[in-house]
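For reference, work.cif (mmCIF, C-alpha atoms):
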data_final
#
loop_
_atom_site.label_atom_id
_atom_site.label_comp_id
_atom_site.auth_asym_id
_atom_site.auth_seq_id
_atom_site.Cartn_x
_atom_site.Cartn_y
_atom_site.Cartn_z
CA MET A 943 -12.24 -13.27 10.38
CA LYS A 944 -10.17 -10.69 8.50
CA TRP A 945 -6.40 -10.54 8.25
CA LEU A 946 -5.25 -6.99 7.57
CA GLN A 947 -1.87 -5.96 6.23
CA ILE A 948 0.07 -4.26 8.99
CA LYS A 949 -0.04 -0.51 8.65
CA GLU A 950 1.64 2.20 10.69
CA GLU A 951 -1.61 2.76 12.56
CA HIS A 952 -1.37 -0.83 13.93
CA LEU A 953 2.17 -0.58 15.27
CA GLU A 954 1.38 0.74 18.73
CA GLN A 955 -1.33 -1.89 19.25
CA ILE A 956 0.98 -4.71 18.13
CA LEU A 957 3.73 -3.43 20.42
CA THR A 958 1.31 -3.25 23.36
CA TRP A 959 0.24 -6.84 22.74
CA ARG A 960 3.78 -8.08 22.18
CA THR A 961 5.06 -6.57 25.43
CA SER A 962 2.11 -7.72 27.55
CA ASP A 963 2.88 -10.38 30.15
CA PHE A 964 0.38 -12.89 28.80
CA VAL A 965 1.95 -12.79 25.30
CA THR A 966 5.65 -12.31 25.98
CA LYS A 967 5.90 -15.17 28.46
CA PHE A 968 5.48 -17.61 25.55
CA MET A 969 7.73 -15.80 23.07
CA TYR A 970 11.39 -16.62 22.47
CA THR A 971 12.42 -13.08 23.32
CA ASP A 972 11.27 -10.20 25.43
CA ILE A 973 11.32 -6.78 23.80
CA GLU A 974 11.16 -3.32 25.26
CA TYR A 975 8.30 -0.96 24.58
CA ASN A 976 10.02 1.22 21.98
CA MET A 977 8.21 2.71 18.99
CA ASP A 978 11.43 3.44 17.09
CA ASN A 979 12.34 -0.24 17.25
CA GLN A 980 8.77 -1.14 16.32
CA LYS A 981 8.97 1.01 13.19
CA ARG A 982 12.26 -0.66 12.24
CA TRP A 983 10.61 -4.06 12.73
CA TRP A 984 7.70 -2.97 10.52
CA THR A 985 10.09 -1.85 7.78
CA SER A 986 11.89 -5.20 7.87
CA VAL A 987 8.70 -7.31 7.74
CA SER A 988 7.27 -5.10 4.99
CA GLU A 989 10.30 -5.93 2.85
CA ASP A 990 10.39 -9.64 3.75
CA GLU A 991 9.83 -11.62 0.53
CA ASN A 992 9.61 -14.87 2.48
CA GLY A 993 7.16 -13.79 5.15
CA LEU A 994 3.57 -12.63 5.38
CA TYR A 995 2.33 -10.67 8.42
CA TRP A 996 -1.12 -9.53 9.46
CA VAL A 997 -3.23 -8.25 12.31
CA MET A 998 -6.37 -10.30 12.87
CA GLN A 999 -9.73 -8.61 13.08
CA GLN A 1000 -13.09 -9.97 14.13
CA LYS A 1001 -16.18 -7.77 13.91
CA ASP A 1002 -14.15 -4.55 13.65
CA GLN A 1003 -12.06 -5.48 16.71
CA LEU A 1004 -8.33 -6.09 16.35
CA LEU A 1005 -7.55 -9.23 18.33
CA GLY A 1006 -4.04 -10.37 17.52
CA PHE A 1007 -1.19 -11.07 15.15
CA VAL A 1008 -0.58 -13.92 12.69
CA SER A 1009 2.26 -14.63 10.30
CA ILE A 1010 3.62 -17.21 7.91
CA THR A 1011 7.39 -16.82 7.86
CA ASN A 1012 10.56 -18.41 6.55
CA ILE A 1013 8.66 -19.41 3.44
CA ASP A 1014 10.73 -21.59 1.16
CA TRP A 1015 8.86 -21.03 -2.08
CA HIS A 1016 10.84 -23.70 -3.95
CA ASN A 1017 10.15 -26.46 -1.40
CA LYS A 1018 6.70 -25.05 -0.63
CA ARG A 1019 6.96 -24.85 3.14
CA GLY A 1020 6.85 -22.22 5.84
CA GLU A 1021 6.40 -21.61 9.54
CA TRP A 1022 3.39 -20.06 11.22
CA ASN A 1023 3.12 -17.96 14.33
CA TYR A 1024 0.35 -16.12 16.08
CA TYR A 1025 -0.77 -14.59 19.30
CA ILE A 1026 -4.06 -13.34 20.59
CA GLY A 1027 -3.41 -9.91 22.04
CA GLU A 1028 -6.77 -9.39 23.67
CA LEU A 1029 -7.48 -11.83 26.50
CA LYS A 1030 -11.23 -11.68 25.97
CA TYR A 1031 -10.70 -13.27 22.54
CA GLY A 1032 -8.40 -16.03 23.80
CA MET A 1033 -10.93 -18.72 22.93
CA LEU A 1034 -10.47 -17.89 19.23
CA GLY A 1035 -6.85 -19.05 19.45
CA GLY A 1036 -7.95 -22.63 18.99
CA PHE A 1037 -9.19 -21.86 15.48
CA ILE A 1038 -6.33 -19.75 14.11
CA GLY A 1039 -4.43 -22.82 12.91
CA ALA A 1040 -7.37 -23.89 10.75
CA TYR A 1041 -7.44 -20.45 9.12
CA VAL A 1042 -3.66 -20.62 8.57
CA TYR A 1043 -3.70 -24.12 7.09
CA ASN A 1044 -6.60 -23.37 4.75
CA TYR A 1045 -4.86 -20.21 3.51
CA ALA A 1046 -1.38 -21.73 3.27
CA PHE A 1047 -2.49 -24.83 1.40
CA ASP A 1048 -5.42 -23.55 -0.67
CA VAL A 1049 -4.22 -20.05 -1.53
CA LEU A 1050 -0.43 -20.01 -1.22
CA GLY A 1051 -0.01 -23.54 -2.54
CA LEU A 1052 2.34 -24.63 0.22
CA GLU A 1053 2.82 -28.33 0.95
CA LYS A 1054 3.91 -28.08 4.59
CA ILE A 1055 3.57 -25.69 7.52
CA GLN A 1056 5.66 -25.98 10.65
CA GLY A 1057 5.11 -24.59 14.13
CA ALA A 1058 7.21 -24.33 17.25
CA VAL A 1059 5.93 -23.98 20.81
CA LEU A 1060 7.88 -22.95 23.87
CA ALA A 1061 7.67 -25.55 26.64
CA GLY A 1062 5.11 -24.52 29.20
CA ASN A 1063 2.63 -23.25 26.61
CA GLU A 1064 0.40 -26.29 27.05
CA GLY A 1065 -2.66 -24.56 25.59
CA VAL A 1066 -1.02 -24.08 22.21
CA ARG A 1067 0.48 -27.58 22.27
CA LYS A 1068 -3.06 -28.92 22.74
CA ILE A 1069 -4.28 -26.78 19.84
CA HIS A 1070 -1.69 -28.36 17.55
CA GLN A 1071 -2.76 -31.81 18.69
CA LYS A 1072 -6.49 -31.10 18.21
CA LEU A 1073 -5.85 -29.83 14.69
CA GLY A 1074 -4.06 -33.07 13.88
CA ASP A 1075 -0.53 -31.74 13.70
CA ARG A 1076 2.27 -34.22 13.98
CA GLU A 1077 4.66 -33.55 16.86
CA VAL A 1078 8.04 -34.22 15.28
CA GLY A 1079 10.16 -33.75 18.38
CA PHE A 1080 11.62 -31.05 20.48
CA TYR A 1081 14.77 -29.02 20.87
CA GLU A 1082 16.16 -29.48 24.35
CA LYS A 1083 17.38 -26.35 26.14
CA HIS A 1084 16.85 -24.35 22.96
CA ILE A 1085 15.91 -20.91 24.29
CA LEU A 1086 17.58 -19.04 27.14
CA LYS A 1087 15.04 -16.68 28.63
CA ASN A 1088 15.07 -15.04 32.05
CA GLU A 1089 18.22 -17.00 32.89
CA CYS A 1090 16.37 -20.28 32.38
CA TRP A 1091 16.63 -22.79 29.53
CA HIS A 1092 13.44 -23.76 27.71
CA ASP A 1093 12.68 -26.66 25.41
CA VAL A 1094 10.82 -26.01 22.16
CA TYR A 1095 8.29 -28.49 20.74
CA LEU A 1096 8.09 -28.87 16.97
CA TYR A 1097 4.96 -29.54 14.91
CA GLU A 1098 4.17 -29.96 11.26
CA MET A 1099 1.13 -30.21 9.04
CA THR A 1100 1.26 -31.30 5.43
CA LYS A 1101 -1.28 -30.41 2.80
CA GLU A 1102 -2.03 -34.10 2.31
CA ARG A 1103 -2.63 -34.64 6.03
CA TRP A 1104 -4.77 -31.48 6.29
CA ASN A 1105 -6.94 -32.72 3.43
CA GLU A 1106 -7.67 -35.77 5.60
CA VAL A 1107 -7.89 -34.39 9.14
CA GLY A 1108 -8.97 -30.83 8.38
CA LYS A 1109 -12.20 -31.48 6.51
CA LYS A 1110 -14.31 -30.27 9.43
CA PHE A 1111 -12.36 -26.99 9.44
CA LYS A 1112 -12.79 -26.04 5.77
CA LYS A 1113 -15.28 -23.30 6.69
CA TYR A 1114 -12.51 -21.37 8.46
CA GLN A 1115 -11.50 -19.12 5.59
CA ALA A 1116 -9.91 -15.80 6.49
CA GLU A 1117 -10.63 -12.73 4.42
CA VAL A 1118 -7.01 -11.86 3.71
CA GLU A 1119 -5.84 -8.42 2.66
CA GLU A 1120 -3.06 -8.97 0.10
CA LYS A 1121 0.03 -6.81 -0.32
#

Using the file provided, produce a representation of the structure as structure tokens.
Amino acid sequence: MKWLQIKEEHLEQILTWRTSDFVTKFMYTDIEYNMDNQKRWWTSVSEDENGLYWVMQQKDQLLGFVSITNIDWHNKRGEWNYYIGELKYGMLGGFIGAYVYNYAFDVLGLEKIQGAVLAGNEGVRKIHQKLGDREVGFYEKHILKNECWHDVYLYEMTKERWNEVGKKFKKYQAEVEEK
């Protein structure tokens, strides 16, 4: 799997994924399909010194988005996010965390990665559990979306824990395009 730096040529594809029903229903916010806003978003993430953002590619096919954000370089922790934009590649979603953890711990030198999952996204909650993440709790009524309150489940993985539970996933090494 390759992770490519986001370029202007990717913006329309990312926006199409991000505004699709099967992606946006599990996001904190809904956005409108607006290329001007998308370009502003791209400018902001390009300048983000505490975030890394990529499009994922498998066999020359773009399949989704992955990021490590809110990186606290001093305390060596960050948060990860992803979505598969192409439904036919949905089964790969179960492996993205392994790629993220291997990169975050082995390449970036982070000690902890956190994740948050909107209630109702049971598939991604199960992925966190299968990878060995520790569920540390949840925020009750944390996100107001479509006039309905949603809880958010919180997960974490430490480098030490990954070295124990992630041994079988060490082969999942993304080819990452650096800035």

Lys981 (chain A) environment, 12 Å, only C-alpha atoms, sequence neighbours closer than 2 positions dropped, as number ranges by chain: A: 948-954, 956-957, 975-979, 983-988

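Take the candidates A:Tyr1097, A:Trp1091, A:Tyr1024, A:Trp996 and check each one against Gly1036 (chain A) using all atoms listed in the file; the shortest distance goes to A:Tyr1024.
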
Mind checking which residues fall within 8 Å of region 971-973 of chain A, counting all atoms listed in the file, ignoring those fewer than 4 positions away in the same chain, and posting them as a short mmCIF file (atom, residue, chain, number, x, y, z; two decimals) with C-alpha atoms, in the coordinates of the input?
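And here is the file that came out, part_38.cif:
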data_model
loop_
_atom_site.label_atom_id
_atom_site.label_comp_id
_atom_site.auth_asym_id
_atom_site.auth_seq_id
_atom_site.Cartn_x
_atom_site.Cartn_y
_atom_site.Cartn_z
CA ARG A 960 3.78 -8.08 22.18
CA THR A 961 5.06 -6.57 25.43
CA THR A 966 5.65 -12.31 25.98
CA LYS A 967 5.90 -15.17 28.46
CA LYS A 1087 15.04 -16.68 28.63
#

Close residues, Gly1051 (chain A) itself excluded, 9 Å, all atoms listed in the file, min 3 positions apart in chain, as a ChimeraX atom specification: /A:1018,1045-1048,1101

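With distances restricted to only C-alpha atoms, A:Val997 is the closest residue to Leu946 (chain A) from A:Gln980, A:Val997, A:Gly1079, A:Tyr1114.
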
Residues selected by the PyMOL selection byres ((chain A and resi 964) around 10), written as a ChimeraX atom specification: /A:959-963,965-969,1025-1029

Go ahead and save the picked residues with C-alpha atoms, as a PDB file, keeping the file's coordinate frame.
ATOM      1  CA  TRP A 959       0.240  -6.840  22.740  1.00  0.00           C
ATOM      2  CA  ARG A 960       3.780  -8.080  22.180  1.00  0.00           C
ATOM      3  CA  THR A 961       5.060  -6.570  25.430  1.00  0.00           C
ATOM      4  CA  SER A 962       2.110  -7.720  27.550  1.00  0.00           C
ATOM      5  CA  ASP A 963       2.880 -10.380  30.150  1.00  0.00           C
ATOM      6  CA  VAL A 965       1.950 -12.790  25.300  1.00  0.00           C
ATOM      7  CA  THR A 966       5.650 -12.310  25.980  1.00  0.00           C
ATOM      8  CA  LYS A 967       5.900 -15.170  28.460  1.00  0.00           C
ATOM      9  CA  PHE A 968       5.480 -17.610  25.550  1.00  0.00           C
ATOM     10  CA  MET A 969       7.730 -15.800  23.070  1.00  0.00           C
ATOM     11  CA  TYR A1025      -0.770 -14.590  19.300  1.00  0.00           C
ATOM     12  CA  ILE A1026      -4.060 -13.340  20.590  1.00  0.00           C
ATOM     13  CA  GLY A1027      -3.410  -9.910  22.040  1.00  0.00           C
ATOM     14  CA  GLU A1028      -6.770  -9.390  23.670  1.00  0.00           C
ATOM     15  CA  LEU A1029      -7.480 -11.830  26.500  1.00  0.00           C
TER      16      LEU A1029
END

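A straight line drawn from CA of Glu1098 (chain A) to CA of Gln1071 (chain A) is 10.3 Å long.
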
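Nearest to Met1099 (chain A) of all the residues A:Phe1111, A:Tyr995, A:Tyr970, A:Trp1022 is A:Trp1022, counting all atoms listed in the file.
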
Give one line per residue of region 952-1064 of chain A that approaches region 1093-1096 of chain A to at most 6 Å, naming the two atoms of the closest pair and their distance in Å to one decimal, counting all atoms listed in the file; sort by chain then ascending residue number and deliver it as a Markdown table.
| residue | atom | partner | partner_atom | distance |
| --- | --- | --- | --- | --- |
| A:Gly1057 | CA | A:Leu1096 | CA | 5.9 |
| A:Ala1058 | CA | A:Leu1096 | CA | 4.6 |
| A:Val1059 | CA | A:Tyr1095 | CA | 5.1 |
| A:Leu1060 | CA | A:Val1094 | CA | 4.6 |
| A:Ala1061 | CA | A:Asp1093 | CA | 5.3 |

Just C-alpha atoms for this one: save the residues we selected as a PDB file, keeping the file's coordinate frame.
ATOM      1  CA  GLY A1057       5.110 -24.590  14.130  1.00  0.00           C
ATOM      2  CA  ALA A1058       7.210 -24.330  17.250  1.00  0.00           C
ATOM      3  CA  VAL A1059       5.930 -23.980  20.810  1.00  0.00           C
ATOM      4  CA  LEU A1060       7.880 -22.950  23.870  1.00  0.00           C
ATOM      5  CA  ALA A1061       7.670 -25.550  26.640  1.00  0.00           C
TER       6      ALA A1061
END

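One finds CA of Gln999 (chain A) at 23.3 Å from CA of Gln1056 (chain A).
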
Best match for closeness to Leu1050 (chain A) among A:Asn1063, A:Asn992, A:Gln1003, A:Asn1088, counting all atoms listed in the file: A:Asn992

Any chance you could model all heavy atoms for region 956-967 of chain A and send them as a PDB file, in the frame of the given file?
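Saved the output as out.pdb:
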ATOM      1  N   ILE A 956       0.167  -3.485  18.193  1.00  0.00           N
ATOM      2  CA  ILE A 956       0.980  -4.710  18.130  1.00  0.00           C
ATOM      3  C   ILE A 956       2.045  -4.684  19.215  1.00  0.00           C
ATOM      4  O   ILE A 956       2.279  -5.695  19.893  1.00  0.00           O
ATOM      5  CB  ILE A 956       1.602  -4.882  16.734  1.00  0.00           C
ATOM      6  CG1 ILE A 956       0.516  -5.131  15.682  1.00  0.00           C
ATOM      7  CG2 ILE A 956       2.625  -6.029  16.732  1.00  0.00           C
ATOM      8  CD1 ILE A 956       1.013  -5.058  14.249  1.00  0.00           C
ATOM      9  N   LEU A 957       2.690  -3.544  19.392  1.00  0.00           N
ATOM     10  CA  LEU A 957       3.730  -3.430  20.420  1.00  0.00           C
ATOM     11  C   LEU A 957       3.140  -3.609  21.819  1.00  0.00           C
ATOM     12  O   LEU A 957       3.745  -4.273  22.672  1.00  0.00           O
ATOM     13  CB  LEU A 957       4.431  -2.071  20.307  1.00  0.00           C
ATOM     14  CG  LEU A 957       5.593  -1.834  21.270  1.00  0.00           C
ATOM     15  CD1 LEU A 957       6.681  -2.892  21.112  1.00  0.00           C
ATOM     16  CD2 LEU A 957       6.158  -0.424  21.055  1.00  0.00           C
ATOM     17  N   THR A 958       1.976  -3.076  22.059  1.00  0.00           N
ATOM     18  CA  THR A 958       1.310  -3.250  23.360  1.00  0.00           C
ATOM     19  C   THR A 958       1.015  -4.724  23.609  1.00  0.00           C
ATOM     20  O   THR A 958       1.271  -5.245  24.696  1.00  0.00           O
ATOM     21  CB  THR A 958       0.014  -2.414  23.420  1.00  0.00           C
ATOM     22  OG1 THR A 958       0.366  -1.026  23.288  1.00  0.00           O
ATOM     23  CG2 THR A 958      -0.722  -2.628  24.724  1.00  0.00           C
ATOM     24  N   TRP A 959       0.491  -5.404  22.589  1.00  0.00           N
ATOM     25  CA  TRP A 959       0.240  -6.840  22.740  1.00  0.00           C
ATOM     26  C   TRP A 959       1.531  -7.595  22.998  1.00  0.00           C
ATOM     27  O   TRP A 959       1.622  -8.411  23.901  1.00  0.00           O
ATOM     28  CB  TRP A 959      -0.379  -7.423  21.471  1.00  0.00           C
ATOM     29  CG  TRP A 959      -1.769  -7.015  21.151  1.00  0.00           C
ATOM     30  CD1 TRP A 959      -2.744  -6.612  22.018  1.00  0.00           C
ATOM     31  CD2 TRP A 959      -2.354  -6.984  19.850  1.00  0.00           C
ATOM     32  NE1 TRP A 959      -3.903  -6.351  21.336  1.00  0.00           N
ATOM     33  CE2 TRP A 959      -3.681  -6.569  20.002  1.00  0.00           C
ATOM     34  CE3 TRP A 959      -1.878  -7.281  18.578  1.00  0.00           C
ATOM     35  CZ2 TRP A 959      -4.557  -6.444  18.930  1.00  0.00           C
ATOM     36  CZ3 TRP A 959      -2.732  -7.154  17.505  1.00  0.00           C
ATOM     37  CH2 TRP A 959      -4.058  -6.733  17.680  1.00  0.00           C
ATOM     38  N   ARG A 960       2.533  -7.308  22.155  1.00  0.00           N
ATOM     39  CA  ARG A 960       3.780  -8.080  22.180  1.00  0.00           C
ATOM     40  C   ARG A 960       4.529  -7.928  23.504  1.00  0.00           C
ATOM     41  O   ARG A 960       5.248  -8.832  23.932  1.00  0.00           O
ATOM     42  CB  ARG A 960       4.660  -7.648  21.001  1.00  0.00           C
ATOM     43  CG  ARG A 960       5.997  -8.335  20.890  1.00  0.00           C
ATOM     44  CD  ARG A 960       5.863  -9.847  20.749  1.00  0.00           C
ATOM     45  NE  ARG A 960       7.153 -10.458  20.583  1.00  0.00           N
ATOM     46  CZ  ARG A 960       7.988 -10.763  21.573  1.00  0.00           C
ATOM     47  NH1 ARG A 960       7.665 -10.513  22.823  1.00  0.00           N
ATOM     48  NH2 ARG A 960       9.154 -11.319  21.324  1.00  0.00           N
ATOM     49  N   THR A 961       4.368  -6.801  24.162  1.00  0.00           N
ATOM     50  CA  THR A 961       5.060  -6.570  25.430  1.00  0.00           C
ATOM     51  C   THR A 961       4.195  -6.894  26.643  1.00  0.00           C
ATOM     52  O   THR A 961       4.648  -6.751  27.781  1.00  0.00           O
ATOM     53  CB  THR A 961       5.566  -5.110  25.534  1.00  0.00           C
ATOM     54  OG1 THR A 961       4.468  -4.212  25.358  1.00  0.00           O
ATOM     55  CG2 THR A 961       6.636  -4.821  24.485  1.00  0.00           C
ATOM     56  N   SER A 962       2.978  -7.348  26.424  1.00  0.00           N
ATOM     57  CA  SER A 962       2.110  -7.720  27.550  1.00  0.00           C
ATOM     58  C   SER A 962       2.612  -9.020  28.167  1.00  0.00           C
ATOM     59  O   SER A 962       3.158  -9.889  27.477  1.00  0.00           O
ATOM     60  CB  SER A 962       0.661  -7.860  27.092  1.00  0.00           C
ATOM     61  OG  SER A 962       0.531  -8.979  26.241  1.00  0.00           O
ATOM     62  N   ASP A 963       2.405  -9.184  29.451  1.00  0.00           N
ATOM     63  CA  ASP A 963       2.880 -10.380  30.150  1.00  0.00           C
ATOM     64  C   ASP A 963       2.299 -11.657  29.576  1.00  0.00           C
ATOM     65  O   ASP A 963       2.995 -12.662  29.437  1.00  0.00           O
ATOM     66  CB  ASP A 963       2.543 -10.293  31.652  1.00  0.00           C
ATOM     67  CG  ASP A 963       3.382  -9.263  32.382  1.00  0.00           C
ATOM     68  OD1 ASP A 963       4.456  -8.898  31.869  1.00  0.00           O
ATOM     69  OD2 ASP A 963       2.961  -8.823  33.477  1.00  0.00           O
ATOM     70  N   PHE A 964       1.011 -11.654  29.245  1.00  0.00           N
ATOM     71  CA  PHE A 964       0.380 -12.890  28.800  1.00  0.00           C
ATOM     72  C   PHE A 964       0.801 -13.302  27.395  1.00  0.00           C
ATOM     73  O   PHE A 964       0.596 -14.450  27.015  1.00  0.00           O
ATOM     74  CB  PHE A 964      -1.152 -12.835  28.937  1.00  0.00           C
ATOM     75  CG  PHE A 964      -1.839 -11.773  28.119  1.00  0.00           C
ATOM     76  CD1 PHE A 964      -2.258 -12.014  26.833  1.00  0.00           C
ATOM     77  CD2 PHE A 964      -2.096 -10.526  28.672  1.00  0.00           C
ATOM     78  CE1 PHE A 964      -2.902 -11.044  26.090  1.00  0.00           C
ATOM     79  CE2 PHE A 964      -2.745  -9.547  27.939  1.00  0.00           C
ATOM     80  CZ  PHE A 964      -3.139  -9.811  26.639  1.00  0.00           C
ATOM     81  N   VAL A 965       1.411 -12.417  26.618  1.00  0.00           N
ATOM     82  CA  VAL A 965       1.950 -12.790  25.300  1.00  0.00           C
ATOM     83  C   VAL A 965       3.440 -13.089  25.412  1.00  0.00           C
ATOM     84  O   VAL A 965       3.906 -14.144  24.991  1.00  0.00           O
ATOM     85  CB  VAL A 965       1.697 -11.680  24.246  1.00  0.00           C
ATOM     86  CG1 VAL A 965       2.476 -11.951  22.969  1.00  0.00           C
ATOM     87  CG2 VAL A 965       0.211 -11.564  23.940  1.00  0.00           C
ATOM     88  N   THR A 966       4.190 -12.186  25.995  1.00  0.00           N
ATOM     89  CA  THR A 966       5.650 -12.310  25.980  1.00  0.00           C
ATOM     90  C   THR A 966       6.171 -13.517  26.740  1.00  0.00           C
ATOM     91  O   THR A 966       7.235 -14.041  26.417  1.00  0.00           O
ATOM     92  CB  THR A 966       6.313 -10.998  26.468  1.00  0.00           C
ATOM     93  OG1 THR A 966       7.680 -11.006  26.066  1.00  0.00           O
ATOM     94  CG2 THR A 966       6.203 -10.832  27.965  1.00  0.00           C
ATOM     95  N   LYS A 967       5.407 -14.020  27.694  1.00  0.00           N
ATOM     96  CA  LYS A 967       5.900 -15.170  28.460  1.00  0.00           C
ATOM     97  C   LYS A 967       6.053 -16.421  27.592  1.00  0.00           C
ATOM     98  O   LYS A 967       6.793 -17.329  27.945  1.00  0.00           O
ATOM     99  CB  LYS A 967       5.017 -15.457  29.668  1.00  0.00           C
ATOM    100  CG  LYS A 967       3.650 -16.017  29.364  1.00  0.00           C
ATOM    101  CD  LYS A 967       2.866 -16.240  30.652  1.00  0.00           C
ATOM    102  CE  LYS A 967       1.465 -16.720  30.386  1.00  0.00           C
ATOM    103  NZ  LYS A 967       0.718 -16.890  31.631  1.00  0.00           N
TER     104      LYS A 967
END
